[in-house]
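Okay, so here's the structure we're looking at.
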Amino acid sequence: MRIDLHTHSDRSDGTDSPRALVHKAAREAALDVVALTDHDATTGWAEARLAADEVGITLVEGVEISTTYRGASVHLLGYAFDPDDAALVEELRRVRAGRDERLPRILAKLAEAGMPLTEADVLVHSENAAATGRPHVADAMVAAGYVKDRTSAFDGWLNTGGRAHVERYSAPLEQAIDLVKGAGGRTVVAHPWSRESRAVLDLEVFAHLRSLGLDGIEVDHVDHDPASRAGLRAIATELDLVMTGSSDYHGTGKSEAFSLGANLTDPGQHERLLG
Ligand code: AMP
Ligand code: FE
Ligand code: FE
Ligand code: ZN
């Protein structure tokens with residue numbers, strides 16, 4: 001069984017349609033189970049469901065919520081929840097609105113730095129997306145010839161601390177767990193030891209999050225080196241949390257290291273989480 005529980009389509013910042021992603025998952029990556037977890041949006045679920053039925057693969061409907069905990073950005077994966085739950089729908093809408101509202105200020109900073117772009121220049125890269133985020137600004141910077149790829153656009157410009165960085169709203173982590181659980185879903189902290197969230201997510205914090213209903217930790221992720229994976233595995237074992245593995249696929253929006261199936265979830269862990 002090949003199980004990949006974290007991927008992005010062009011409904012957020014991936015580059016494949018949900019249909020193309022599901023077809024690739026089945027035919028190229030030979031996955032048996034794939035989760036679609038677009039950032040703060042469930043707008044790809046219906047198309048992905050039709051495609052999964054066409055190709056005979058198991059689809060897990062999910063989302064990756066942009067949250068904050070003790071000042072650090074933390075991504076929370078939510079699975080198999082009611083997509084019409086009013087409180088959750090409203091919070092996801094608020095995160096997406098924060099992303100959209102930030103765009104003019106990012107463009108003003110880029111213009112000051114000598115890289116003028118119009119909103120239309122950016123919006124062509126987020127046509128199918130539920131909101132326009134930094135990756136779409138990065139795509140416009142690449143198209144204008146200002147930088148060579150998304151990574152170069154983040155480094156020094158769009159990243160936290162970069163010259164064109166602008167804060168946006170994120171859901172408080174505890175509230176996000178509560179909302180997904182309240183909507184009947186499961187929750188897993190995505191790549192907990194990548195970048196800034198590493199400093200705040202330790203054993204004690206995971207124990208607290210578990211008491212709020214957290215179900216699992218994403219252990220096997222390209223951002224985690226072998227030592228981080230071992231450390232997170234020890235925490236998950238100690239707290240009896242599910243351990244997942246996934247690619248965080250974004251199509252051509254991220255490197256080969258994020259290919260579909262690059263990291264997988266153990267079938268027993270998948271069963272515990274979603275069975
Ligand atoms: P936003 O949510 O609009 O603030 O943009 C953050 C998203 O940008 C993250 O969820 C990542 O998927 C993506 N991202 C962050 N850093 C990079 C990078 N260096 N290269 C490509 N995409 C990135
Ligand atoms: Fe992303
Ligand atoms: Fe993430
Ligand atoms: Zn992701």
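Ordering of the structure tokens sets the chain letters (A, B, ...), residue numbers begin anew at 1 in every chain, and ligands are numbered from 1 in the order given.
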>> Can you pull out every residue with an atom within 7 Å of ligand 1? Use only C-alpha atoms and all ligand atoms and format it as a PyMOL selection string.
In response: chain A and resi 13+39+66+99+132-135+150-151+154-155+159+253-254
Keeping only N, CA and C atoms, take the residues you just selected and write them out as a JSON list (two decimals), in the first residue's frame.
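Listing of part27.json after writing:
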[["chain", "number", "residue", "atom", "x", "y", "z"],
["A", 13, "ASP", "N", -1.63, 26.50, -4.16],
["A", 13, "ASP", "CA", -0.39, 26.89, -4.83],
["A", 13, "ASP", "C", 0.32, 25.76, -5.55],
["A", 39, "HIS", "N", -4.11, 24.56, 0.62],
["A", 39, "HIS", "CA", -4.04, 25.56, 1.70],
["A", 39, "HIS", "C", -5.40, 26.23, 1.90],
["A", 66, "SER", "N", -3.33, 27.35, 7.63],
["A", 66, "SER", "CA", -2.24, 28.23, 8.08],
["A", 66, "SER", "C", -2.61, 28.73, 9.47],
["A", 99, "ARG", "N", -4.97, 36.57, 3.03],
["A", 99, "ARG", "CA", -3.98, 36.36, 1.96],
["A", 99, "ARG", "C", -4.28, 37.32, 0.78],
["A", 132, "THR", "N", -5.05, 34.23, -3.45],
["A", 132, "THR", "CA", -3.78, 34.56, -4.12],
["A", 132, "THR", "C", -2.70, 34.73, -3.06],
["A", 133, "GLY", "N", -1.73, 33.83, -3.08],
["A", 133, "GLY", "CA", -0.69, 33.83, -2.04],
["A", 133, "GLY", "C", 0.67, 34.21, -2.57],
["A", 134, "ARG", "N", 1.65, 34.13, -1.68],
["A", 134, "ARG", "CA", 3.01, 34.47, -2.06],
["A", 134, "ARG", "C", 3.54, 33.63, -3.22],
["A", 135, "PRO", "N", 3.21, 32.33, -3.31],
["A", 135, "PRO", "CA", 3.73, 31.56, -4.45],
["A", 135, "PRO", "C", 3.27, 32.13, -5.80],
["A", 150, "ARG", "N", 10.65, 30.15, -8.03],
["A", 150, "ARG", "CA", 9.90, 30.49, -6.81],
["A", 150, "ARG", "C", 10.82, 30.63, -5.61],
["A", 151, "THR", "N", 11.78, 29.72, -5.51],
["A", 151, "THR", "CA", 12.68, 29.74, -4.35],
["A", 151, "THR", "C", 13.44, 31.06, -4.26],
["A", 154, "PHE", "N", 11.27, 33.80, -2.91],
["A", 154, "PHE", "CA", 11.09, 33.77, -1.46],
["A", 154, "PHE", "C", 12.35, 34.24, -0.76],
["A", 155, "ASP", "N", 13.51, 33.74, -1.18],
["A", 155, "ASP", "CA", 14.77, 34.09, -0.53],
["A", 155, "ASP", "C", 15.02, 35.59, -0.65],
["A", 159, "ASN", "N", 9.94, 35.85, 1.83],
["A", 159, "ASN", "CA", 10.04, 35.15, 3.12],
["A", 159, "ASN", "C", 9.91, 36.10, 4.30],
["A", 253, "GLY", "N", 5.62, 23.67, -8.79],
["A", 253, "GLY", "CA", 5.83, 24.77, -7.84],
["A", 253, "GLY", "C", 6.92, 24.49, -6.82],
["A", 254, "LYS", "N", 7.29, 23.23, -6.67],
["A", 254, "LYS", "CA", 8.40, 22.89, -5.78],
["A", 254, "LYS", "C", 9.28, 21.85, -6.48]]
> Using only C-alpha atoms and all ligand atoms, what are the residues with an atom within 8 Å of ligand 3, set out as a list in words?
Replying inline: His39, Glu64, Ser66, Val74, His75, Leu76, Ala190, His191 and Asp248 of chain A
Output for the residues just chosen: C-alpha atoms as a compact mmCIF listing (two decimals), in the first residue's frame:
# COMPACT_ATOMS: atom_id res chain seq x y z
CA HIS A 39 -4.04 25.56 1.70
CA GLU A 64 -3.74 22.44 5.22
CA SER A 66 -2.24 28.23 8.08
CA VAL A 74 2.38 26.18 12.11
CA HIS A 75 0.57 24.25 9.36
CA LEU A 76 -2.27 21.98 10.45
CA ALA A 190 2.31 19.28 9.10
CA HIS A 191 6.15 19.31 8.92
CA ASP A 248 3.76 17.89 0.13
>> DSSP on the backbone, strand (DSSP E) only: what residues of range 43-209 of chain A does that give? Format it as a ChimeraX atom specification.
In response: /A:58-69,72-79,171-172,186-189
Kindly save the residues from that selection, with N, CA, C and O atoms included, as a short mmCIF file (atom, residue, chain, number, x, y, z; two decimals), in the first residue's frame.
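In the end it all went to result_8.cif:
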data_model
loop_
_atom_site.label_atom_id
_atom_site.label_comp_id
_atom_site.auth_asym_id
_atom_site.auth_seq_id
_atom_site.Cartn_x
_atom_site.Cartn_y
_atom_site.Cartn_z
N THR A 58 -8.00 5.59 -3.74
CA THR A 58 -8.72 6.11 -2.58
C THR A 58 -8.30 7.56 -2.34
O THR A 58 -7.12 7.85 -2.18
N LEU A 59 -9.28 8.46 -2.34
CA LEU A 59 -9.02 9.88 -2.08
C LEU A 59 -9.36 10.19 -0.64
O LEU A 59 -10.41 9.80 -0.13
N VAL A 60 -8.45 10.90 0.04
CA VAL A 60 -8.75 11.44 1.36
C VAL A 60 -8.94 12.94 1.17
O VAL A 60 -8.06 13.63 0.64
N GLU A 61 -10.08 13.45 1.61
CA GLU A 61 -10.36 14.87 1.46
C GLU A 61 -9.77 15.61 2.65
O GLU A 61 -10.03 15.27 3.80
N GLY A 62 -8.93 16.61 2.34
CA GLY A 62 -8.24 17.31 3.42
C GLY A 62 -8.01 18.78 3.13
O GLY A 62 -8.48 19.33 2.13
N VAL A 63 -7.27 19.39 4.05
CA VAL A 63 -6.94 20.81 3.95
C VAL A 63 -5.66 21.03 4.74
O VAL A 63 -5.33 20.23 5.62
N GLU A 64 -4.89 22.04 4.40
CA GLU A 64 -3.74 22.44 5.22
C GLU A 64 -4.01 23.87 5.69
O GLU A 64 -4.04 24.79 4.88
N ILE A 65 -4.24 24.02 6.99
CA ILE A 65 -4.63 25.31 7.53
C ILE A 65 -3.41 26.08 8.02
O ILE A 65 -2.56 25.55 8.73
N SER A 66 -3.33 27.35 7.63
CA SER A 66 -2.24 28.23 8.08
C SER A 66 -2.61 28.73 9.47
O SER A 66 -3.58 29.47 9.64
N THR A 67 -1.83 28.30 10.47
CA THR A 67 -2.14 28.68 11.84
C THR A 67 -0.92 29.32 12.50
O THR A 67 0.18 29.34 11.92
N THR A 68 -1.13 29.81 13.71
CA THR A 68 -0.03 30.39 14.46
C THR A 68 -0.08 29.89 15.90
O THR A 68 -1.16 29.67 16.45
N TYR A 69 1.12 29.64 16.45
CA TYR A 69 1.22 29.20 17.84
C TYR A 69 2.44 29.85 18.46
O TYR A 69 3.55 29.70 17.94
N ALA A 72 4.79 31.61 16.12
CA ALA A 72 5.37 30.88 14.97
C ALA A 72 4.28 30.37 14.04
O ALA A 72 3.19 30.02 14.49
N SER A 73 4.60 30.32 12.75
CA SER A 73 3.68 29.77 11.77
C SER A 73 3.70 28.24 11.88
O SER A 73 4.76 27.62 11.89
N VAL A 74 2.51 27.63 12.02
CA VAL A 74 2.38 26.18 12.11
C VAL A 74 1.30 25.76 11.11
O VAL A 74 0.23 26.38 11.06
N HIS A 75 1.57 24.74 10.31
CA HIS A 75 0.57 24.25 9.36
C HIS A 75 -0.14 23.04 9.94
O HIS A 75 0.50 22.11 10.42
N LEU A 76 -1.46 23.07 9.90
CA LEU A 76 -2.27 21.98 10.45
C LEU A 76 -3.02 21.27 9.33
O LEU A 76 -3.78 21.91 8.58
N LEU A 77 -2.82 19.96 9.20
CA LEU A 77 -3.56 19.17 8.22
C LEU A 77 -4.87 18.72 8.85
O LEU A 77 -4.87 18.20 9.98
N GLY A 78 -5.97 18.93 8.14
CA GLY A 78 -7.28 18.45 8.60
C GLY A 78 -7.79 17.46 7.57
O GLY A 78 -7.62 17.66 6.36
N TYR A 79 -8.38 16.36 8.03
CA TYR A 79 -8.85 15.31 7.13
C TYR A 79 -10.29 14.90 7.43
O TYR A 79 -10.68 14.83 8.62
N ALA A 171 -4.98 31.36 11.56
CA ALA A 171 -5.89 30.90 12.61
C ALA A 171 -5.07 30.48 13.83
O ALA A 171 -4.05 29.83 13.69
N PRO A 172 -5.50 30.84 15.04
CA PRO A 172 -4.81 30.31 16.22
C PRO A 172 -4.85 28.77 16.18
O PRO A 172 -5.91 28.18 15.92
N ARG A 186 -10.07 14.73 11.43
CA ARG A 186 -8.84 14.33 12.11
C ARG A 186 -7.79 15.42 11.88
O ARG A 186 -7.82 16.09 10.84
N THR A 187 -6.83 15.53 12.81
CA THR A 187 -5.84 16.60 12.70
C THR A 187 -4.42 16.07 12.85
O THR A 187 -4.14 15.23 13.71
N VAL A 188 -3.54 16.61 12.02
CA VAL A 188 -2.12 16.22 12.03
C VAL A 188 -1.30 17.50 11.85
O VAL A 188 -1.58 18.29 10.95
N VAL A 189 -0.29 17.71 12.69
CA VAL A 189 0.57 18.88 12.49
C VAL A 189 1.51 18.58 11.31
O VAL A 189 2.22 17.57 11.31
#
Pick out each residue of range 34-99 of chain A that DSSP on the backbone tags as helix (DSSP H, G or I); I need them as a PDB file with N, CA, C and O atoms, in the first residue's frame.
ATOM      1  N   TRP A  45     -12.083  19.426  -3.823  1.00  0.00           N
ATOM      2  CA  TRP A  45     -12.582  18.107  -3.413  1.00  0.00           C
ATOM      3  C   TRP A  45     -13.470  17.438  -4.462  1.00  0.00           C
ATOM      4  O   TRP A  45     -13.305  16.248  -4.749  1.00  0.00           O
ATOM      5  N   ALA A  46     -14.424  18.187  -5.004  1.00  0.00           N
ATOM      6  CA  ALA A  46     -15.414  17.569  -5.899  1.00  0.00           C
ATOM      7  C   ALA A  46     -14.744  17.013  -7.159  1.00  0.00           C
ATOM      8  O   ALA A  46     -14.988  15.866  -7.558  1.00  0.00           O
ATOM      9  N   GLU A  47     -13.870  17.821  -7.773  1.00  0.00           N
ATOM     10  CA  GLU A  47     -13.166  17.367  -8.978  1.00  0.00           C
ATOM     11  C   GLU A  47     -12.253  16.178  -8.662  1.00  0.00           C
ATOM     12  O   GLU A  47     -12.175  15.215  -9.435  1.00  0.00           O
ATOM     13  N   ALA A  48     -11.574  16.235  -7.520  1.00  0.00           N
ATOM     14  CA  ALA A  48     -10.676  15.136  -7.136  1.00  0.00           C
ATOM     15  C   ALA A  48     -11.465  13.848  -6.900  1.00  0.00           C
ATOM     16  O   ALA A  48     -11.023  12.754  -7.260  1.00  0.00           O
ATOM     17  N   ARG A  49     -12.642  13.983  -6.318  1.00  0.00           N
ATOM     18  CA  ARG A  49     -13.496  12.815  -6.043  1.00  0.00           C
ATOM     19  C   ARG A  49     -13.910  12.122  -7.342  1.00  0.00           C
ATOM     20  O   ARG A  49     -13.818  10.908  -7.478  1.00  0.00           O
ATOM     21  N   LEU A  50     -14.322  12.915  -8.340  1.00  0.00           N
ATOM     22  CA  LEU A  50     -14.710  12.339  -9.635  1.00  0.00           C
ATOM     23  C   LEU A  50     -13.520  11.614 -10.265  1.00  0.00           C
ATOM     24  O   LEU A  50     -13.654  10.498 -10.776  1.00  0.00           O
ATOM     25  N   ALA A  51     -12.352  12.249 -10.204  1.00  0.00           N
ATOM     26  CA  ALA A  51     -11.146  11.657 -10.808  1.00  0.00           C
ATOM     27  C   ALA A  51     -10.746  10.380 -10.077  1.00  0.00           C
ATOM     28  O   ALA A  51     -10.338   9.393 -10.695  1.00  0.00           O
ATOM     29  N   ALA A  52     -10.861  10.382  -8.754  1.00  0.00           N
ATOM     30  CA  ALA A  52     -10.481   9.200  -7.972  1.00  0.00           C
ATOM     31  C   ALA A  52     -11.379   8.021  -8.343  1.00  0.00           C
ATOM     32  O   ALA A  52     -10.911   6.883  -8.440  1.00  0.00           O
ATOM     33  N   ASP A  53     -12.658   8.307  -8.563  1.00  0.00           N
ATOM     34  CA  ASP A  53     -13.583   7.241  -8.953  1.00  0.00           C
ATOM     35  C   ASP A  53     -13.246   6.722 -10.352  1.00  0.00           C
ATOM     36  O   ASP A  53     -13.340   5.526 -10.617  1.00  0.00           O
ATOM     37  N   GLU A  54     -12.810   7.624 -11.246  1.00  0.00           N
ATOM     38  CA  GLU A  54     -12.405   7.227 -12.610  1.00  0.00           C
ATOM     39  C   GLU A  54     -11.230   6.252 -12.587  1.00  0.00           C
ATOM     40  O   GLU A  54     -11.202   5.275 -13.310  1.00  0.00           O
ATOM     41  N   VAL A  55     -10.214   6.588 -11.776  1.00  0.00           N
ATOM     42  CA  VAL A  55      -8.970   5.799 -11.825  1.00  0.00           C
ATOM     43  C   VAL A  55      -8.886   4.741 -10.734  1.00  0.00           C
ATOM     44  O   VAL A  55      -7.925   3.967 -10.710  1.00  0.00           O
ATOM     45  N   ALA A  86     -20.172  25.354   9.454  1.00  0.00           N
ATOM     46  CA  ALA A  86     -20.200  26.817   9.330  1.00  0.00           C
ATOM     47  C   ALA A  86     -19.002  27.491   9.997  1.00  0.00           C
ATOM     48  O   ALA A  86     -18.403  28.414   9.426  1.00  0.00           O
ATOM     49  N   ALA A  87     -18.635  27.041  11.189  1.00  0.00           N
ATOM     50  CA  ALA A  87     -17.540  27.701  11.916  1.00  0.00           C
ATOM     51  C   ALA A  87     -16.204  27.488  11.198  1.00  0.00           C
ATOM     52  O   ALA A  87     -15.393  28.417  11.074  1.00  0.00           O
ATOM     53  N   LEU A  88     -15.984  26.289  10.714  1.00  0.00           N
ATOM     54  CA  LEU A  88     -14.735  25.989   9.998  1.00  0.00           C
ATOM     55  C   LEU A  88     -14.684  26.739   8.666  1.00  0.00           C
ATOM     56  O   LEU A  88     -13.663  27.341   8.309  1.00  0.00           O
ATOM     57  N   VAL A  89     -15.799  26.732   7.935  1.00  0.00           N
ATOM     58  CA  VAL A  89     -15.877  27.451   6.653  1.00  0.00           C
ATOM     59  C   VAL A  89     -15.527  28.919   6.864  1.00  0.00           C
ATOM     60  O   VAL A  89     -14.770  29.516   6.086  1.00  0.00           O
ATOM     61  N   GLU A  90     -16.050  29.510   7.936  1.00  0.00           N
ATOM     62  CA  GLU A  90     -15.813  30.929   8.207  1.00  0.00           C
ATOM     63  C   GLU A  90     -14.338  31.196   8.529  1.00  0.00           C
ATOM     64  O   GLU A  90     -13.755  32.182   8.069  1.00  0.00           O
ATOM     65  N   GLU A  91     -13.717  30.318   9.289  1.00  0.00           N
ATOM     66  CA  GLU A  91     -12.306  30.534   9.641  1.00  0.00           C
ATOM     67  C   GLU A  91     -11.406  30.375   8.402  1.00  0.00           C
ATOM     68  O   GLU A  91     -10.459  31.147   8.213  1.00  0.00           O
ATOM     69  N   LEU A  92     -11.702  29.393   7.553  1.00  0.00           N
ATOM     70  CA  LEU A  92     -10.909  29.218   6.318  1.00  0.00           C
ATOM     71  C   LEU A  92     -11.079  30.442   5.421  1.00  0.00           C
ATOM     72  O   LEU A  92     -10.111  30.914   4.807  1.00  0.00           O
ATOM     73  N   ARG A  93     -12.289  30.960   5.369  1.00  0.00           N
ATOM     74  CA  ARG A  93     -12.551  32.159   4.567  1.00  0.00           C
ATOM     75  C   ARG A  93     -11.724  33.334   5.076  1.00  0.00           C
ATOM     76  O   ARG A  93     -11.150  34.105   4.305  1.00  0.00           O
ATOM     77  N   ARG A  94     -11.613  33.428   6.400  1.00  0.00           N
ATOM     78  CA  ARG A  94     -10.866  34.534   7.002  1.00  0.00           C
ATOM     79  C   ARG A  94      -9.368  34.446   6.658  1.00  0.00           C
ATOM     80  O   ARG A  94      -8.729  35.455   6.365  1.00  0.00           O
ATOM     81  N   VAL A  95      -8.821  33.232   6.676  1.00  0.00           N
ATOM     82  CA  VAL A  95      -7.402  33.070   6.309  1.00  0.00           C
ATOM     83  C   VAL A  95      -7.194  33.438   4.839  1.00  0.00           C
ATOM     84  O   VAL A  95      -6.255  34.164   4.497  1.00  0.00           O
ATOM     85  N   ARG A  96      -8.099  32.966   3.977  1.00  0.00           N
ATOM     86  CA  ARG A  96      -7.957  33.275   2.548  1.00  0.00           C
ATOM     87  C   ARG A  96      -8.093  34.770   2.287  1.00  0.00           C
ATOM     88  O   ARG A  96      -7.360  35.344   1.480  1.00  0.00           O
ATOM     89  N   ALA A  97      -9.029  35.413   3.000  1.00  0.00           N
ATOM     90  CA  ALA A  97      -9.217  36.855   2.821  1.00  0.00           C
ATOM     91  C   ALA A  97      -7.956  37.606   3.244  1.00  0.00           C
ATOM     92  O   ALA A  97      -7.537  38.569   2.590  1.00  0.00           O
ATOM     93  N   GLY A  98      -7.326  37.149   4.320  1.00  0.00           N
ATOM     94  CA  GLY A  98      -6.079  37.777   4.781  1.00  0.00           C
ATOM     95  C   GLY A  98      -4.993  37.683   3.718  1.00  0.00           C
ATOM     96  O   GLY A  98      -4.211  38.621   3.512  1.00  0.00           O
ATOM     97  N   ARG A  99      -4.967  36.565   3.027  1.00  0.00           N
ATOM     98  CA  ARG A  99      -3.982  36.362   1.955  1.00  0.00           C
ATOM     99  C   ARG A  99      -4.278  37.321   0.783  1.00  0.00           C
ATOM    100  O   ARG A  99      -3.383  37.989   0.278  1.00  0.00           O
TER     101      ARG A  99
END
> Can you list, as a PyMOL selection string, every protein, DNA or RNA residue that comes within 10 Å of Ala129 in chain A when you count only C-alpha atoms, leaving out same-chain residues fewer than 4 positions away?
Replying inline: chain A and resi 9-15+17+38-39+41+43-44+123+125+133+136
Write a file of the just-selected residues containing N, CA, C and O atoms, as a PDB file, in the first residue's frame.
ATOM      1  N   SER A   9      -3.042  21.135  -5.154  1.00  0.00           N
ATOM      2  CA  SER A   9      -3.439  21.338  -6.554  1.00  0.00           C
ATOM      3  C   SER A   9      -3.445  22.839  -6.847  1.00  0.00           C
ATOM      4  O   SER A   9      -3.092  23.658  -5.985  1.00  0.00           O
ATOM      5  N   ASP A  10      -3.899  23.185  -8.057  1.00  0.00           N
ATOM      6  CA  ASP A  10      -3.954  24.614  -8.409  1.00  0.00           C
ATOM      7  C   ASP A  10      -5.130  25.335  -7.751  1.00  0.00           C
ATOM      8  O   ASP A  10      -5.352  26.511  -8.001  1.00  0.00           O
ATOM      9  N   ARG A  11      -5.857  24.631  -6.865  1.00  0.00           N
ATOM     10  CA  ARG A  11      -6.862  25.337  -6.058  1.00  0.00           C
ATOM     11  C   ARG A  11      -6.168  26.120  -4.943  1.00  0.00           C
ATOM     12  O   ARG A  11      -6.748  27.002  -4.325  1.00  0.00           O
ATOM     13  N   SER A  12      -4.880  25.788  -4.680  1.00  0.00           N
ATOM     14  CA  SER A  12      -4.063  26.668  -3.832  1.00  0.00           C
ATOM     15  C   SER A  12      -2.783  26.971  -4.608  1.00  0.00           C
ATOM     16  O   SER A  12      -2.867  27.619  -5.657  1.00  0.00           O
ATOM     17  N   ASP A  13      -1.629  26.496  -4.159  1.00  0.00           N
ATOM     18  CA  ASP A  13      -0.388  26.893  -4.833  1.00  0.00           C
ATOM     19  C   ASP A  13       0.322  25.755  -5.548  1.00  0.00           C
ATOM     20  O   ASP A  13       1.499  25.864  -5.864  1.00  0.00           O
ATOM     21  N   GLY A  14      -0.408  24.654  -5.836  1.00  0.00           N
ATOM     22  CA  GLY A  14       0.147  23.624  -6.702  1.00  0.00           C
ATOM     23  C   GLY A  14      -0.062  24.031  -8.154  1.00  0.00           C
ATOM     24  O   GLY A  14      -0.704  25.056  -8.433  1.00  0.00           O
ATOM     25  N   THR A  15       0.447  23.218  -9.087  1.00  0.00           N
ATOM     26  CA  THR A  15       0.309  23.588 -10.501  1.00  0.00           C
ATOM     27  C   THR A  15      -0.555  22.602 -11.300  1.00  0.00           C
ATOM     28  O   THR A  15      -0.864  22.866 -12.456  1.00  0.00           O
ATOM     29  N   SER A  17      -4.209  20.564 -11.893  1.00  0.00           N
ATOM     30  CA  SER A  17      -5.618  20.586 -11.488  1.00  0.00           C
ATOM     31  C   SER A  17      -5.825  19.395 -10.537  1.00  0.00           C
ATOM     32  O   SER A  17      -5.043  18.435 -10.564  1.00  0.00           O
ATOM     33  N   ASP A  38      -5.204  21.182  -0.045  1.00  0.00           N
ATOM     34  CA  ASP A  38      -4.885  22.551  -0.459  1.00  0.00           C
ATOM     35  C   ASP A  38      -4.903  23.503   0.740  1.00  0.00           C
ATOM     36  O   ASP A  38      -5.616  23.286   1.720  1.00  0.00           O
ATOM     37  N   HIS A  39      -4.113  24.565   0.624  1.00  0.00           N
ATOM     38  CA  HIS A  39      -4.035  25.560   1.695  1.00  0.00           C
ATOM     39  C   HIS A  39      -5.397  26.232   1.902  1.00  0.00           C
ATOM     40  O   HIS A  39      -5.900  26.922   0.996  1.00  0.00           O
ATOM     41  N   ALA A  41      -8.429  25.645   1.760  1.00  0.00           N
ATOM     42  CA  ALA A  41      -9.506  25.562   0.768  1.00  0.00           C
ATOM     43  C   ALA A  41      -9.915  24.114   0.520  1.00  0.00           C
ATOM     44  O   ALA A  41      -9.064  23.218   0.499  1.00  0.00           O
ATOM     45  N   THR A  43     -12.011  23.610  -2.226  1.00  0.00           N
ATOM     46  CA  THR A  43     -12.653  23.784  -3.536  1.00  0.00           C
ATOM     47  C   THR A  43     -12.203  22.738  -4.569  1.00  0.00           C
ATOM     48  O   THR A  43     -12.798  22.658  -5.640  1.00  0.00           O
ATOM     49  N   GLY A  44     -11.172  21.947  -4.251  1.00  0.00           N
ATOM     50  CA  GLY A  44     -10.740  20.907  -5.189  1.00  0.00           C
ATOM     51  C   GLY A  44     -11.369  19.555  -4.933  1.00  0.00           C
ATOM     52  O   GLY A  44     -11.191  18.617  -5.719  1.00  0.00           O
ATOM     53  N   LEU A 123      -2.579  37.738 -10.775  1.00  0.00           N
ATOM     54  CA  LEU A 123      -3.823  36.967 -10.802  1.00  0.00           C
ATOM     55  C   LEU A 123      -3.856  35.926 -11.922  1.00  0.00           C
ATOM     56  O   LEU A 123      -4.535  34.912 -11.800  1.00  0.00           O
ATOM     57  N   HIS A 125      -1.683  33.882 -12.425  1.00  0.00           N
ATOM     58  CA  HIS A 125      -1.072  32.673 -11.849  1.00  0.00           C
ATOM     59  C   HIS A 125      -1.938  32.033 -10.763  1.00  0.00           C
ATOM     60  O   HIS A 125      -1.577  30.977 -10.236  1.00  0.00           O
ATOM     61  N   GLY A 133      -1.728  33.828  -3.076  1.00  0.00           N
ATOM     62  CA  GLY A 133      -0.694  33.830  -2.043  1.00  0.00           C
ATOM     63  C   GLY A 133       0.673  34.207  -2.569  1.00  0.00           C
ATOM     64  O   GLY A 133       0.837  34.546  -3.753  1.00  0.00           O
ATOM     65  N   HIS A 136       2.064  32.700  -5.837  1.00  0.00           N
ATOM     66  CA  HIS A 136       1.579  33.282  -7.093  1.00  0.00           C
ATOM     67  C   HIS A 136       2.302  34.586  -7.407  1.00  0.00           C
ATOM     68  O   HIS A 136       2.566  34.901  -8.569  1.00  0.00           O
TER      69      HIS A 136
END
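Using only C-alpha atoms, the residues found no farther than 9 Å from Val242 in chain A, other than those of its own chain fewer than 4 positions away, are Val188, Asp215, Gly216, Ile217, Glu218, Ala236, Thr237, Gln269, His270, Arg272 and Leu273 of chain A.
Between CA of Arg105 in chain A and CA of Leu158 in chain A the separation is 11.6 Å.
Nearest to Asp4 in chain A of all the residues A:Val34, A:Leu214, A:Leu103, A:Leu209 is A:Val34, based on only C-alpha atoms.
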